[in-house]
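Undergrad: Structure incoming, see below.
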Amino acid sequence: MRVGSFVLAAQFPGQGEGEALHRAVRSAEVAEEAGLDTVWLAEHHFVPYGTCPSAVTLAALLLGRTRRIRVGTAVSVLPTTHPVTLGEQAALLHHTSGGRFTLGVGRGGPWIDLEVFGAGLEAYEKGFPESLDVLVRWLRDASVAADGERFRFREVPVVPRPSEALTEVEGPELVVACTSPASVRLAAERGLSMLLGMHVGDEEKAEMVALWRRHARASGRPAEEILGASHVSAGVCQIADRRVDAAETLMKAMPGWLKQGLEAHVTVDGRTRRMRDPLAYTELLCGLHPVGTPRLCADRLAATSERTGISRFALLVEGSGDLAATEENVRRLGAEVLPQLV
């Protein structure tokens, strides 16, 4: 089982953006010290929900500050960037980090980001598969051309090459955030592992894994690739000597952050959107994920793995909103939970 942290660089009420980013960087450094497998970095624009606007940029910083731990994006928003630009950045980080970088991509939302970056609503609603295919080819081929609806360019060499068949150097891992049957199918047909969100429980994640396998088989993906797929489950982790104390820590801090963060999202076309109730959402997360004693957290992770077949986790560890508490949470995850997972 491979357990990592999920870093949003969340800006809690009363905090500055610099404080949120410092906590994000420090928690990642502590994650390596604590023996975690991966640090997953979120990307958001114009909202305090997450103050990191470029997951690949923060990944570069953290890869330079660490020596062992993997660093992944969760996720880089593909509709608002050019897939070749993202592919070049991924290849650069892959080579300079000794293969410790994972590129996670997602469709994002119908936010004003699409207007600011000039992508337009079409890139969100219809363009994601085309962007993903260009990116996949960039990470696998020696040269790439495009003749699609959104991207058209003559054949150009891929420099630096992420994958080198002659030297058996594999390119960076690519995973796709999946929140719907359509995105599950998209990932499965391309043989890409999924990143599944923290808002759904074990039953739904198990159904998505089963659906992925069906689509992968139907599209002719190799059996060994299907069996070897390494999906990632996002969740929340808060450790305390009593479960009630762990839940109380999150119930005090997270609703205020969720309220100001989610309310700050602006749609690009003024469409009506349903807001989650911050208090109820925090309660849901506490019920779904490892929140409690070290033993309870280990049991919860093991149960999720058994029910879903997923062996990788990206756990939000900054739910307290406090730097010292976050560091302690990460250290306890490494020292008191990981040894119980065999």
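As shown in the structure tokens, the chain order sets the letters A, B, ...; within each chain, residues go from 1, and ligands are also counted from 1 in the order they appear.
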Pull the strand (DSSP E) assignments for region 159-209 of chain A out of DSSP run on the backbone, and list those residues as a PyMOL selection string.

TA: chain A and resi 173-178+193-196

Undergrad: Write out the residues from the selection above, keeping N, CA, C and O atoms, as a PDB file, in the first residue's frame.

TA:
```pdb
ATOM      1  N   GLU A 173       4.620   8.867 -15.243  1.00  0.00           N
ATOM      2  CA  GLU A 173       3.291   8.285 -15.070  1.00  0.00           C
ATOM      3  C   GLU A 173       2.236   9.359 -15.322  1.00  0.00           C
ATOM      4  O   GLU A 173       2.395  10.518 -14.945  1.00  0.00           O
ATOM      5  N   LEU A 174       1.138   8.958 -15.963  1.00  0.00           N
ATOM      6  CA  LEU A 174       0.031   9.860 -16.239  1.00  0.00           C
ATOM      7  C   LEU A 174      -1.244   9.265 -15.666  1.00  0.00           C
ATOM      8  O   LEU A 174      -1.598   8.121 -15.960  1.00  0.00           O
ATOM      9  N   VAL A 175      -1.941  10.022 -14.819  1.00  0.00           N
ATOM     10  CA  VAL A 175      -3.216   9.582 -14.253  1.00  0.00           C
ATOM     11  C   VAL A 175      -4.277  10.633 -14.567  1.00  0.00           C
ATOM     12  O   VAL A 175      -3.967  11.801 -14.819  1.00  0.00           O
ATOM     13  N   VAL A 176      -5.543  10.193 -14.549  1.00  0.00           N
ATOM     14  CA  VAL A 176      -6.649  11.061 -14.920  1.00  0.00           C
ATOM     15  C   VAL A 176      -7.668  11.117 -13.786  1.00  0.00           C
ATOM     16  O   VAL A 176      -8.109  10.076 -13.286  1.00  0.00           O
ATOM     17  N   ALA A 177      -8.035  12.335 -13.382  1.00  0.00           N
ATOM     18  CA  ALA A 177      -9.098  12.495 -12.389  1.00  0.00           C
ATOM     19  C   ALA A 177     -10.425  12.111 -13.021  1.00  0.00           C
ATOM     20  O   ALA A 177     -10.781  12.629 -14.087  1.00  0.00           O
ATOM     21  N   CYS A 178     -11.156  11.224 -12.382  1.00  0.00           N
ATOM     22  CA  CYS A 178     -12.413  10.718 -12.940  1.00  0.00           C
ATOM     23  C   CYS A 178     -13.557  10.955 -11.953  1.00  0.00           C
ATOM     24  O   CYS A 178     -13.477  10.537 -10.790  1.00  0.00           O
ATOM     25  N   SER A 193      -4.436   5.133 -15.389  1.00  0.00           N
ATOM     26  CA  SER A 193      -5.009   4.945 -14.059  1.00  0.00           C
ATOM     27  C   SER A 193      -5.832   6.164 -13.659  1.00  0.00           C
ATOM     28  O   SER A 193      -5.638   7.269 -14.165  1.00  0.00           O
ATOM     29  N   MET A 194      -6.755   5.942 -12.730  1.00  0.00           N
ATOM     30  CA  MET A 194      -7.675   6.987 -12.286  1.00  0.00           C
ATOM     31  C   MET A 194      -7.273   7.568 -10.940  1.00  0.00           C
ATOM     32  O   MET A 194      -6.723   6.875 -10.089  1.00  0.00           O
ATOM     33  N   LEU A 195      -7.598   8.840 -10.761  1.00  0.00           N
ATOM     34  CA  LEU A 195      -7.574   9.493  -9.455  1.00  0.00           C
ATOM     35  C   LEU A 195      -9.022   9.752  -9.079  1.00  0.00           C
ATOM     36  O   LEU A 195      -9.736  10.475  -9.783  1.00  0.00           O
ATOM     37  N   LEU A 196      -9.492   9.138  -7.984  1.00  0.00           N
ATOM     38  CA  LEU A 196     -10.886   9.227  -7.580  1.00  0.00           C
ATOM     39  C   LEU A 196     -11.030  10.139  -6.373  1.00  0.00           C
ATOM     40  O   LEU A 196     -10.261  10.061  -5.426  1.00  0.00           O
TER      41      LEU A 196
END
```

Undergrad: Could you pull out all residues of region 45-109 of chain A with a DSSP call of alpha helix (DSSP H) and give them as a PyMOL selection string?

TA: chain A and resi 55-65+83-96

Undergrad: Residues of region 199-254 of chain A that approach region 9-31 of chain A to 12 Å or less, counting only C-alpha atoms: could you list each one with the shortest pair of atoms and its distance in Å to one decimal, rows by chain and increasing residue number, as JSON lines?

TA:
```
{"residue": "A:Leu250", "atom": "CA", "partner": "A:Phe12", "partner_atom": "CA", "distance": 12.0}
{"residue": "A:Lys252", "atom": "CA", "partner": "A:Phe12", "partner_atom": "CA", "distance": 11.2}
{"residue": "A:Ala253", "atom": "CA", "partner": "A:Phe12", "partner_atom": "CA", "distance": 7.6}
{"residue": "A:Met254", "atom": "CA", "partner": "A:Phe12", "partner_atom": "CA", "distance": 8.0}
```

Undergrad: Could you list, as a PyMOL selection string, every residue within 10 Å of Leu333 (chain A), counting only C-alpha atoms and ignoring same-chain residues fewer than 5 positions away?

TA: chain A and resi 3-5+31+34-36+237-239+294+297-298+315+317+327-328+338-339

Undergrad: Kindly give the distance, in Å, that separates CA of Ser219 (chain A) and CA of Thr308 (chain A), rounded to a single decimal.

TA: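 That distance, rounded to one decimal, is 21.9 Å.
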
Undergrad: Rounded to one decimal place, report the CA of Thr57 (chain A)-CA of Glu164 (chain A) distance in Å.

TA: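 One can read the CA of Thr57 (chain A) to CA of Glu164 (chain A) distance as 24.4 Å.
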
Undergrad: Leaving out Ser131 (chain A) and any residue of its chain fewer than 6 positions from it, which residues lie within 12 Å of it when counting only C-alpha atoms, given as a ChimeraX atom specification?

TA: /A:77-87,105-107,119,122-125,137-138,146-152,186

Undergrad: Identify, on the basis of only C-alpha atoms, every residue whose closest approach to region 270-277 of chain A does not exceed 12 Å; exclude the query and any residue fewer than 2 positions from it along the same chain; express the result as a list in words.

TA: Gly109, Pro110, Trp111, Ile112, Leu121, His199, Met254, Pro255, Gly256, Trp257, Leu258, Lys259, Gln260, Gly261, Leu262, Glu263, Ala264, His265, Val266, Thr267, Val268, Leu279, Ala280, Tyr281, Thr282, Glu283 and Leu284 of chain A

Undergrad: Please provide the set of residues having any atom within 9 Å of Ser180 (chain A), restricted to only C-alpha atoms, with same-chain residues fewer than 4 positions apart removed, written as a PyMOL selection string.

TA: chain A and resi 184-185+208

Undergrad: In Å, how far is it from CA of Ala91 (chain A) to CA of Ala60 (chain A)?

TA: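 These two atoms are separated by 11.6 Å.
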